[in-house]
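*Asks:* Below is the file query-v1.txt, which contains compact mmCIF, C-alpha atoms.
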# COMPACT_ATOMS: atom_id res chain seq x y z
CA MET A 1 85.62 92.74 133.66
CA GLY A 2 86.90 91.27 130.40
CA LYS A 3 90.55 90.43 129.91
CA ILE A 4 92.44 91.13 126.71
CA SER A 5 95.86 90.22 125.37
CA GLN A 6 97.07 92.07 122.30
CA THR A 7 99.23 89.08 121.34
CA LEU A 8 96.24 86.74 121.42
CA VAL A 9 94.17 89.27 119.45
CA LEU A 10 96.81 89.61 116.76
CA TRP A 11 97.36 85.90 116.30
CA GLY A 12 93.67 85.10 116.53
CA VAL A 13 92.87 87.50 113.69
CA ARG A 14 95.92 86.33 111.72
CA PHE A 15 94.74 82.75 111.90
CA GLY A 16 91.32 84.04 110.89
CA PHE A 17 92.79 85.53 107.75
CA MET A 18 94.73 82.35 107.08
CA SER A 19 91.52 80.43 107.27
CA TYR A 20 89.83 83.39 105.49
CA GLY A 21 86.65 82.64 107.26
CA TRP A 22 87.03 78.92 107.77
CA ASP A 23 85.69 79.06 111.33
CA ALA A 24 82.25 78.67 109.74
CA GLY A 25 83.86 76.23 107.29
CA VAL A 26 84.39 73.73 110.14
CA LEU A 27 80.81 72.58 109.61
CA GLY A 28 81.32 72.43 105.86
CA GLY A 29 84.47 70.35 106.30
CA ILE A 30 82.63 67.84 108.46
CA LEU A 31 79.41 67.60 106.46
CA GLU A 32 81.26 67.37 103.13
CA THR A 33 78.29 68.91 101.30
CA PRO A 34 79.65 71.20 98.57
CA ALA A 35 76.79 73.72 98.54
CA PHE A 36 76.57 73.92 102.32
CA GLN A 37 80.32 74.11 102.64
CA SER A 38 80.55 76.98 100.16
CA ALA A 39 77.80 78.88 101.97
CA MET A 40 79.50 78.42 105.35
CA LYS A 41 82.84 79.54 103.96
CA GLY A 42 81.23 82.63 102.48
CA ILE A 43 79.63 83.59 105.79
CA GLY A 44 82.87 82.98 107.65
CA ASN A 45 84.85 85.01 105.11
CA GLY A 46 82.53 87.94 105.65
CA PHE A 47 82.78 87.78 109.44
CA VAL A 48 86.56 87.55 109.57
CA VAL A 49 87.54 89.97 106.81
CA ALA A 50 85.03 92.66 107.87
CA THR A 51 85.79 92.57 111.61
CA GLY A 52 89.44 91.49 111.80
CA PRO A 53 91.10 94.74 110.60
CA VAL A 54 88.85 96.83 112.88
CA TYR A 55 89.58 94.65 115.90
CA VAL A 56 93.33 94.91 115.34
CA ALA A 57 93.25 98.66 114.63
CA GLU A 58 91.16 99.42 117.71
CA THR A 59 93.31 97.33 120.07
CA THR A 60 96.72 98.54 118.88
CA SER A 61 98.16 100.91 121.47
CA VAL A 62 101.08 102.32 119.44
CA THR A 63 99.94 104.49 116.53
CA LYS A 64 102.90 103.79 114.26
CA SER A 65 102.36 100.04 114.67
CA ARG A 66 98.69 100.10 113.64
CA GLY A 67 99.23 100.20 109.88
CA PRO A 68 101.80 97.38 109.74
CA LEU A 69 99.74 95.15 112.04
CA VAL A 70 96.60 95.59 109.93
CA GLY A 71 98.51 95.22 106.66
CA VAL A 72 100.13 91.91 107.57
CA LEU A 73 96.67 90.38 107.92
CA MET A 74 96.51 90.31 104.13
CA GLY A 75 100.03 88.87 104.20
CA PHE A 76 98.80 85.93 106.25
CA ALA A 77 95.85 85.49 103.89
CA CYS A 78 98.21 85.40 100.90
CA THR A 79 100.50 83.02 102.75
CA ALA A 80 97.58 80.65 103.22
CA THR A 81 96.78 80.98 99.51
CA ALA A 82 100.36 80.07 98.61
CA LEU A 83 100.41 77.14 101.06
CA ALA A 84 97.10 75.86 99.74
CA TYR A 85 98.35 76.09 96.17
CA TRP A 86 101.57 74.18 96.87
CA VAL A 87 99.62 71.52 98.81
CA ASP A 88 97.23 71.10 95.90
CA PHE A 89 100.16 70.98 93.48
CA GLY A 90 101.87 68.30 95.56
CA PHE A 91 98.74 66.17 95.66
CA THR A 92 98.56 66.09 91.88
CA TYR A 93 101.19 63.35 92.20
CA ALA A 94 99.09 61.38 94.72
CA SER A 95 95.90 59.35 94.40
CA GLY A 96 93.05 58.22 96.59
CA GLN A 97 90.78 60.08 98.99
CA VAL A 98 93.71 61.75 100.77
CA VAL A 99 93.99 64.03 97.72
CA TRP A 100 90.89 65.91 98.82
CA ARG A 101 90.40 64.88 102.46
CA LEU A 102 93.68 66.31 103.80
CA PRO A 103 93.46 69.74 102.12
CA LEU A 104 89.83 69.97 103.26
CA SER A 105 90.70 69.09 106.85
CA ILE A 106 93.33 71.85 107.09
CA GLN A 107 90.53 74.43 107.18
CA ILE A 108 89.38 72.93 110.47
CA ILE A 109 92.83 73.50 111.99
CA TRP A 110 92.77 77.21 111.16
CA SER A 111 89.23 77.51 112.48
CA LEU A 112 90.08 75.91 115.83
CA LEU A 113 93.14 78.13 116.19
CA ILE A 114 91.18 81.35 115.69
CA ILE A 115 88.60 80.24 118.26
CA ALA A 116 91.31 79.28 120.77
CA PHE A 117 93.19 82.59 120.42
CA THR A 118 90.25 84.98 120.10
CA TYR A 119 87.62 83.60 122.50
CA PRO A 120 89.46 84.53 125.76
CA ASN A 121 89.66 88.21 124.80
CA ALA A 122 87.32 91.07 125.53
CA ASP A 123 85.92 93.25 122.77
CA SER A 124 87.59 96.38 121.48
CA PRO A 125 87.55 99.19 124.08
CA ARG A 126 86.08 101.55 121.51
CA TRP A 127 83.15 99.18 121.01
CA TYR A 128 82.45 99.30 124.76
CA TYR A 129 82.41 103.11 124.71
CA LEU A 130 80.14 103.07 121.65
CA GLN A 131 77.71 100.90 123.62
CA GLY A 132 77.86 103.23 126.63
CA ARG A 133 79.81 100.69 128.73
CA ASP A 134 82.52 103.14 129.76
CA ASP A 135 83.79 101.22 132.80
CA GLU A 136 84.48 98.12 130.71
CA GLY A 137 86.09 100.22 128.01
CA LEU A 138 88.46 101.85 130.49
CA GLU A 139 89.34 98.47 132.01
CA VAL A 140 90.36 97.18 128.57
CA LEU A 141 92.33 100.37 127.81
CA LYS A 142 94.29 99.92 131.04
CA GLN A 143 95.35 96.47 129.82
CA LEU A 144 96.42 97.77 126.41
CA TYR A 145 98.34 100.86 127.52
CA PRO A 146 101.40 100.99 129.80
CA ASP A 147 99.84 103.07 132.59
CA THR A 148 96.51 104.41 133.83
CA GLU A 149 97.35 107.97 132.79
CA SER A 150 97.77 106.93 129.15
CA ALA A 151 94.52 104.96 129.28
CA LEU A 152 92.65 107.96 130.67
CA LYS A 153 94.00 110.21 127.92
CA VAL A 154 92.85 107.77 125.23
CA GLN A 155 89.47 107.55 126.98
CA ALA A 156 89.20 111.34 126.78
CA GLU A 157 89.89 111.23 123.03
CA ILE A 158 87.30 108.51 122.47
CA LEU A 159 84.64 110.42 124.41
CA VAL A 160 85.43 113.58 122.44
CA GLU A 161 85.05 111.68 119.15
CA LEU A 162 81.73 110.26 120.24
CA ARG A 163 80.52 113.78 121.06
CA GLN A 164 81.76 114.97 117.67
CA GLU A 165 79.68 112.30 115.96
CA VAL A 166 76.62 112.30 118.22
CA ASN A 167 74.31 113.93 115.66
CA GLU A 168 75.99 112.47 112.58
CA LYS A 169 73.48 110.68 110.36
CA LEU A 170 74.22 108.68 107.25
CA LYS A 171 72.28 110.45 104.49
CA LEU A 172 72.23 109.56 100.80
CA SER A 173 72.17 113.28 100.04
CA ASN A 174 75.78 113.43 101.30
CA LEU A 175 76.96 110.72 98.93
CA ILE A 176 78.21 113.13 96.23
CA ILE A 177 79.03 116.25 98.26
CA ASP A 178 79.27 115.71 102.00
CA LYS A 179 79.08 118.96 103.96
CA SER A 180 78.60 117.35 107.36
CA PRO A 181 81.23 118.09 110.06
CA THR A 182 82.83 114.62 110.08
CA GLN A 183 81.96 113.70 106.45
CA ALA A 184 81.01 110.17 107.49
CA VAL A 185 79.25 109.32 104.22
CA ARG A 186 82.14 110.67 102.14
CA ARG A 187 84.61 108.54 104.13
CA ILE A 188 82.52 105.41 103.67
CA ARG A 189 82.10 106.17 99.96
CA ASP A 190 85.83 106.67 99.48
CA GLY A 191 86.63 103.42 101.26
CA VAL A 192 84.11 101.44 99.22
CA ILE A 193 85.46 102.82 95.94
CA LEU A 194 89.10 102.37 96.98
CA VAL A 195 88.66 98.69 97.78
CA GLY A 196 86.45 98.16 94.73
CA VAL A 197 89.05 99.68 92.39
CA ALA A 198 91.76 97.50 93.97
CA TYR A 199 89.80 94.37 93.08
CA LEU A 200 89.04 95.55 89.56
CA MET A 201 92.73 95.86 88.77
CA GLY A 202 92.93 92.17 87.88
CA ILE A 203 94.17 90.44 91.03
CA ASN A 204 91.32 87.91 91.21
CA MET A 205 91.38 87.17 87.49
CA ILE A 206 95.12 86.59 87.68
CA PHE A 207 95.14 84.30 90.70
CA TYR A 208 91.99 82.31 90.01
CA TYR A 209 93.05 81.54 86.45
CA MET A 210 96.82 81.96 86.63
CA THR A 211 97.68 78.42 85.57
CA THR A 212 95.29 78.74 82.61
CA ILE A 213 96.80 82.12 81.69
CA PHE A 214 100.31 80.70 81.67
CA GLN A 215 99.32 77.51 79.85
CA VAL A 216 96.69 78.60 77.32
CA TYR A 217 97.42 82.25 76.61
CA ILE A 218 101.18 82.40 77.19
CA GLY A 219 101.89 78.89 75.91
CA LEU A 220 103.87 77.36 78.78
CA ALA A 221 103.89 73.61 79.50
CA PRO A 222 101.38 72.38 82.12
CA THR A 223 103.97 71.65 84.82
CA THR A 224 105.83 74.89 84.12
CA SER A 225 102.55 76.79 84.30
CA SER A 226 101.75 75.25 87.67
CA VAL A 227 105.19 76.06 89.07
CA CYS A 228 104.97 79.65 87.79
CA SER A 229 101.57 80.00 89.43
CA GLY A 230 102.94 78.77 92.74
CA ALA A 231 105.88 81.15 92.47
CA ALA A 232 103.53 84.04 91.77
CA THR A 233 101.36 83.32 94.83
CA THR A 234 104.48 83.07 96.97
CA LEU A 235 105.77 86.37 95.57
CA LEU A 236 102.45 88.01 96.41
CA ALA A 237 102.67 86.90 100.06
CA ILE A 238 106.26 88.12 100.45
CA GLY A 239 105.42 91.47 98.85
CA VAL A 240 102.46 92.09 101.17
CA PHE A 241 104.62 91.57 104.25
CA PHE A 242 107.24 93.91 102.79
CA GLY A 243 104.75 96.69 102.05
CA SER A 244 103.05 96.32 105.44
CA TYR A 245 106.36 96.54 107.30
CA PHE A 246 107.40 99.74 105.51
CA CYS A 247 103.97 101.37 105.15
CA GLU A 248 104.80 104.02 107.75
CA ARG A 249 107.57 105.31 105.48
CA GLY A 250 105.99 107.65 103.00
CA GLY A 251 102.42 107.00 104.08
CA ARG A 252 99.44 105.24 102.57
CA ARG A 253 98.93 107.68 99.69
CA THR A 254 102.53 107.41 98.48
CA TRP A 255 102.42 103.61 98.32
CA LEU A 256 99.05 103.66 96.54
CA LEU A 257 100.12 106.32 94.02
CA TRP A 258 103.38 104.62 93.09
CA GLY A 259 101.60 101.28 92.95
CA ALA A 260 98.90 102.52 90.57
CA ALA A 261 101.46 104.20 88.30
CA LEU A 262 103.79 101.19 87.99
CA GLN A 263 100.96 98.65 87.79
CA SER A 264 99.49 100.62 84.88
CA VAL A 265 102.78 100.35 83.00
CA PHE A 266 103.07 96.60 83.58
CA MET A 267 99.40 95.85 82.79
CA ILE A 268 99.42 97.90 79.58
CA ALA A 269 102.67 96.22 78.49
CA PHE A 270 101.22 92.79 79.36
CA THR A 271 98.12 93.48 77.25
CA ILE A 272 100.11 94.72 74.25
CA LEU A 273 102.56 91.80 74.34
CA LEU A 274 99.72 89.31 74.69
CA SER A 275 98.03 90.74 71.60
CA PHE A 276 100.85 89.60 69.28
CA GLY A 277 100.28 85.93 70.03
CA HIS A 278 103.91 84.87 69.46
CA LYS A 279 105.94 82.70 71.82
CA ALA A 280 108.66 85.32 72.26
CA THR A 281 106.21 88.09 73.13
CA SER A 282 104.21 85.69 75.33
CA SER A 283 107.30 85.03 77.44
CA ALA A 284 107.78 88.78 77.79
CA ALA A 285 104.10 89.05 78.76
CA ALA A 286 104.70 86.54 81.56
CA ALA A 287 107.54 88.73 82.83
CA MET A 288 105.22 91.77 82.79
CA LEU A 289 102.67 89.80 84.80
CA PHE A 290 105.26 88.98 87.45
CA GLY A 291 106.28 92.65 87.45
CA TRP A 292 102.65 93.64 88.06
CA ILE A 293 102.39 91.20 90.99
CA LEU A 294 105.69 92.49 92.40
CA VAL A 295 104.23 96.03 92.51
CA PHE A 296 100.67 95.16 93.54
CA SER A 297 101.67 93.01 96.50
CA PRO A 298 103.23 95.72 98.73
CA THR A 299 100.88 98.52 97.62
CA TRP A 300 97.28 97.84 96.59
CA ALA A 301 97.08 94.47 98.35
CA PRO A 302 97.49 95.71 101.98
CA MET A 303 97.01 99.50 101.80
CA PRO A 304 93.23 99.62 101.18
CA TYR A 305 92.70 97.42 104.26
CA ILE A 306 94.88 99.73 106.32
CA TYR A 307 93.15 102.86 105.06
CA VAL A 308 89.54 101.76 105.59
CA SER A 309 90.27 100.41 109.07
CA GLU A 310 91.59 103.77 110.30
CA SER A 311 89.74 106.38 108.21
CA MET A 312 86.16 105.65 109.32
CA PRO A 313 84.45 107.55 112.17
CA LEU A 314 83.95 105.51 115.33
CA ARG A 315 80.13 105.47 115.25
CA HIS A 316 80.11 104.17 111.68
CA ARG A 317 83.38 102.26 111.50
CA HIS A 318 81.63 98.88 111.44
CA THR A 319 79.35 100.08 108.62
CA GLY A 320 82.16 101.65 106.60
CA VAL A 321 84.55 98.72 106.82
CA GLY A 322 81.75 96.21 106.23
CA LEU A 323 80.58 97.98 103.07
CA SER A 324 84.17 98.34 101.86
CA ILE A 325 84.79 94.62 102.25
CA SER A 326 81.46 93.94 100.52
CA SER A 327 82.78 95.99 97.62
CA GLN A 328 85.84 93.72 97.53
CA TRP A 329 83.82 90.53 97.22
CA LEU A 330 81.34 92.04 94.77
CA MET A 331 84.12 93.16 92.46
CA ALA A 332 85.86 89.80 92.90
CA PHE A 333 82.64 88.05 91.83
CA VAL A 334 82.23 90.29 88.79
CA THR A 335 85.84 89.70 87.77
CA VAL A 336 85.89 85.94 88.25
CA TYR A 337 82.46 85.42 86.69
CA ALA A 338 82.74 87.78 83.73
CA GLY A 339 86.47 87.47 83.07
CA PRO A 340 86.50 84.00 81.47
CA ILE A 341 83.42 84.85 79.39
CA ALA A 342 85.14 87.99 78.13
CA VAL A 343 88.35 86.10 77.32
CA ALA A 344 86.36 83.52 75.34
CA HIS A 345 84.71 86.23 73.23
CA ILE A 346 87.27 89.03 72.90
CA GLY A 347 90.54 87.39 73.91
CA TYR A 348 93.43 89.61 75.02
CA ARG A 349 91.20 92.71 74.84
CA THR A 350 89.73 91.62 78.18
CA TRP A 351 92.89 92.88 79.86
CA ILE A 352 92.19 96.41 78.64
CA TRP A 353 89.41 96.43 81.24
CA PHE A 354 91.92 95.78 84.03
CA ALA A 355 94.45 98.22 82.58
CA VAL A 356 91.82 100.97 82.73
CA PHE A 357 91.23 100.45 86.46
CA ASN A 358 94.96 100.41 87.16
CA VAL A 359 95.14 103.81 85.49
CA ILE A 360 92.04 105.09 87.34
CA GLY A 361 93.66 104.23 90.68
CA PHE A 362 96.19 107.06 90.46
CA PRO A 363 93.88 110.10 90.03
CA TYR A 364 91.35 108.61 92.45
CA VAL A 365 93.90 108.34 95.26
CA TYR A 366 95.44 111.71 94.39
CA PHE A 367 92.19 113.65 94.60
CA PHE A 368 90.10 111.75 97.14
CA ILE A 369 92.25 109.81 99.62
CA PHE A 370 93.64 111.57 102.69
CA GLU A 371 96.88 110.62 104.45
CA THR A 372 96.10 108.93 107.78
CA ARG A 373 99.63 107.97 108.79
CA GLY A 374 100.70 109.04 112.28
CA ARG A 375 97.23 109.82 113.61
CA THR A 376 95.33 108.19 116.43
CA LEU A 377 91.97 106.79 115.36
CA GLU A 378 90.23 109.56 117.27
CA ASN A 379 92.33 112.26 115.58
CA VAL A 380 91.30 111.30 112.02
CA ASN A 381 88.12 113.40 112.26
CA GLU A 382 90.28 116.54 112.10
CA LEU A 383 91.28 115.65 108.53
CA PHE A 384 87.68 116.08 107.40
CA ASP A 385 86.74 119.07 109.59
CA LYS A 386 86.97 121.72 106.87
CA ASN A 387 85.23 124.43 108.87
CA GLY A 388 86.94 123.77 112.19
CA THR A 389 83.61 123.26 113.95
CA LEU A 390 84.42 120.01 115.74
CA GLU A 391 85.43 119.85 119.36
CA HIS A 392 89.16 119.21 119.76
CA ALA A 393 89.84 118.68 123.44
CA PHE A 394 92.73 116.66 124.83
CA GLY A 395 94.06 116.03 128.28
CA GLU A 396 96.69 118.30 129.79
CA GLY A 397 100.17 117.55 128.51
CA HIS A 398 98.84 115.28 125.77
CA THR A 399 100.64 115.16 122.43
CA VAL A 400 99.14 114.37 119.07
CA GLU A 401 100.68 114.35 115.61
CA LYS A 402 98.77 116.68 113.31
CA THR A 403 98.94 116.79 109.52
CA VAL A 404 98.73 120.30 108.09
CA SER A 405 97.77 120.27 104.42
CA SER A 406 96.75 122.59 101.66
CA GLU A 407 93.16 122.75 100.48
CA GLY A 408 91.67 119.71 98.80
CA GLY A 409 91.47 116.03 99.56
CA SER A 410 94.88 115.18 98.17
CA ASN A 411 96.86 116.56 101.15
CA GLN A 412 99.34 118.19 98.81
CA GLY A 413 102.14 120.08 100.49
CA GLU A 414 101.50 118.38 103.78
CA LYS A 415 103.84 118.60 106.76
CA ASN A 416 103.75 116.92 110.12
CA GLU A 417 103.52 118.84 113.38
CA ILE A 418 103.46 117.82 116.98
CA VAL A 419 100.90 119.83 118.87
CA GLU A 420 101.58 119.79 122.59
CA THR A 421 98.60 120.73 124.69
CA SER A 422 98.89 122.06 128.19
CA GLY A 423 95.66 123.46 129.53
CA ASP A 424 94.27 125.73 126.81
CA SER A 425 97.54 126.43 125.03
CA GLN A 426 98.92 124.68 121.97
CA VAL A 427 102.57 124.92 120.98
CA PRO A 428 103.28 123.46 117.51
CA THR A 429 106.70 122.01 116.81
CA GLU A 430 107.45 121.23 113.15
CA LEU A 431 108.94 117.86 112.35
CA GLY A 432 110.81 116.63 109.31
CA ALA A 433 109.25 114.18 106.87
CA GLU A 434 110.56 111.24 108.86
CA GLY A 435 109.91 112.82 112.26
CA GLU A 436 108.28 110.52 114.75
CA LYS A 437 106.86 111.12 118.18
CA GLU A 438 104.96 108.56 120.16
CA THR A 439 101.22 109.14 120.11
CA VAL A 440 99.13 107.63 122.88
Starting from the file, lay out its structure as structure tokens.
*Replies:*
Amino acid sequence: MGKISQTLVLWGVRFGFMSYGWDAGVLGGILETPAFQSAMKGIGNGFVVATGPVYVAETTSVTKSRGPLVGVLMGFACTATALAYWVDFGFTYASGQVVWRLPLSIQIIWSLLIIAFTYPNADSPRWYYLQGRDDEGLEVLKQLYPDTESALKVQAEILVELRQEVNEKLKLSNLIIDKSPTQAVRRIRDGVILVGVAYLMGINMIFYYMTTIFQVYIGLAPTTSSVCSGAATTLLAIGVFFGSYFCERGGRRTWLLWGAALQSVFMIAFTILLSFGHKATSSAAAAMLFGWILVFSPTWAPMPYIYVSESMPLRHRHTGVGLSISSQWLMAFVTVYAGPIAVAHIGYRTWIWFAVFNVIGFPYVYFFIFETRGRTLENVNELFDKNGTLEHAFGEGHTVEKTVSSEGGSNQGEKNEIVETSGDSQVPTELGAEGEKETV
């Protein structure tokens, strides 16, 4: 039977996000061939970013810890970005082959760390159940949960979810209006769009070309531009950790809604100030850009990762998260490739494009994104069971937090309840907005 340590899992995936897929980049770092290296990094990025959040979400035993633990993965990725930037900035004052050899070799360190921490662990217990390897799944659950009784209750939930989804097929006909019991296609669609919108808000354009933005378009000196860029990347990392830590307060929707609203204000102000082309207004534009980063970092940077990792049905979670992450990289490519061309031809008007998607984020989240806070992964199906046709069976004495909402996808007027099951009876106990009860 496979052994698993949640600590090793967490740090293995965290190092994976710090390397951002550099486990495949080990070969690129050794062979020193730019094209090969880029290809290997791309493959590694896909493996780590698509599987890491799922692995962490499915091996986290405490429900209220799942969101923060998934969210901080992006914090570690942003930390690596900041570290890499400051290393590169420091080496601008050096000369010789060390300028490129040392930064390149660091990717090998991250790659070896992820292998060392992740290799000894078994797979996610939910993956074992999906493959029909129930004995191995239960063995892993027993290692993740404090006692056998808790593990058996979670096993019962997983088996119920698999029965709920046994006849669920992914059909293109459900892409617009999904009337299936678990709405698997709708959930995948919403995740893909959510992540895509996040990466059309301007984050890649800002961080890939930040020094150029500060120097060419805002008019700062080269060294000042570089320092401001480093400060911005550091601010992003700090903000992601902050938002991840507090994501259980208010829920995913609240963070996303406030983020979209405030980011829209800052991005619109940045675009208007940039249009004047004066030094005074350019300095104000730089302040608006930092304000945008300050808001984006705890909201739209980690929250889409958290949402897609916990909102997908078990049978299609790998497909849903994989497609969502593909949306991220596709939108990043479009932004980074087309952005500079647009700036060269239409100047500051390019930022109207990003302002539009910041504005779009608010109504999209309001009308389409459900609140998943406080639910076990197996309990998320209930959010999408409009007709109440799914099986909802739990072990005797089991407790589960249930979100009761008004009609519609926006979960307006929601309240949290604890439903205690004992045999066939259910006794709901209403909780306050901040009410918490452990969910196993």
*Asks:* Please determine, counting only C-alpha atoms, which residue among A:Leu330, A:Ala285, A:Ala82, A:Leu257 has the shortest atom-to-atom distance to A:Val365.
*Replies:* A:Leu257
*Asks:* At a cut-off of 7 Å, using all atoms listed in the file, what residues contact A:Thr118? Leave out same-chain residues fewer than 5 positions from it and give the result as a VMD selection string.
*Replies:* chain A and resid 8 to 9 12
*Asks:* Counting all atoms listed in the file, find the residues whose atoms lie at most 9 Å from (102.3, 96.6, 82.8) (file coordinates) and write them out as a list in words.
*Replies:*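 Residues with an atom close enough to that point: Leu262, Gln263, Ser264, Val265, Phe266, Met267, Ile268, Ala269, Phe270, Thr271, Ala285, Met288, Leu289, Gly291, Trp292 and Ala355 of chain A.
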*Asks:* Which one of A:Val99, A:Leu323, A:Met312, A:Val13 sits closest to A:Val380 if you count all atoms listed in the file?
*Replies:*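 That would be A:Met312, the residue with the smallest distance to A:Val380.
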*Asks:* Check the smallest atom-to-atom distance from each of A:Pro302, A:Ile272, A:Glu391, A:Tyr209 to A:Val343 using only C-alpha atoms, then report the winner.
*Replies:* A:Tyr209
*Asks:* With 3 Å of padding per side, what axis-aligned box (centre and edge lengths, Å, one decimal) covers all the listed atoms of stretch 348-355 of chain A? Give it as AutoDock Vina command-line options.
*Replies:*
--center_x 91.9 --center_y 93.9 --center_z 79.4 --size_x 11.0 --size_y 14.6 --size_z 15.2
*Asks:* Of the candidates A:Ser275, A:Ser61, A:Thr281, A:Thr7, which one gets nearest to A:Ser150 if we count only C-alpha atoms?
*Replies:*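 Counting only C-alpha atoms, the residue closest to A:Ser150 is A:Ser61.
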*Asks:* Which residue is closest to A:Leu175? Choose from A:Arg187, A:His318, A:Arg373, A:Val49 and count only C-alpha atoms.
*Replies:*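 Result for the nearest residue to A:Leu175: A:Arg187.
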*Asks:* For A:Asn358, which residue among A:Tyr337, A:Trp329, A:Tyr199, A:Phe47 is the nearest when counting all atoms listed in the file?
*Replies:*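 Looking at the shortest contact to A:Asn358, the residue is A:Tyr199.
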*Asks:* Distance atom CA of A:Gln328-atom CA of A:Gly250, one decimal place?
*Replies:*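 Value for the atom CA of A:Gln328-atom CA of A:Gly250 distance: 25.1 Å.
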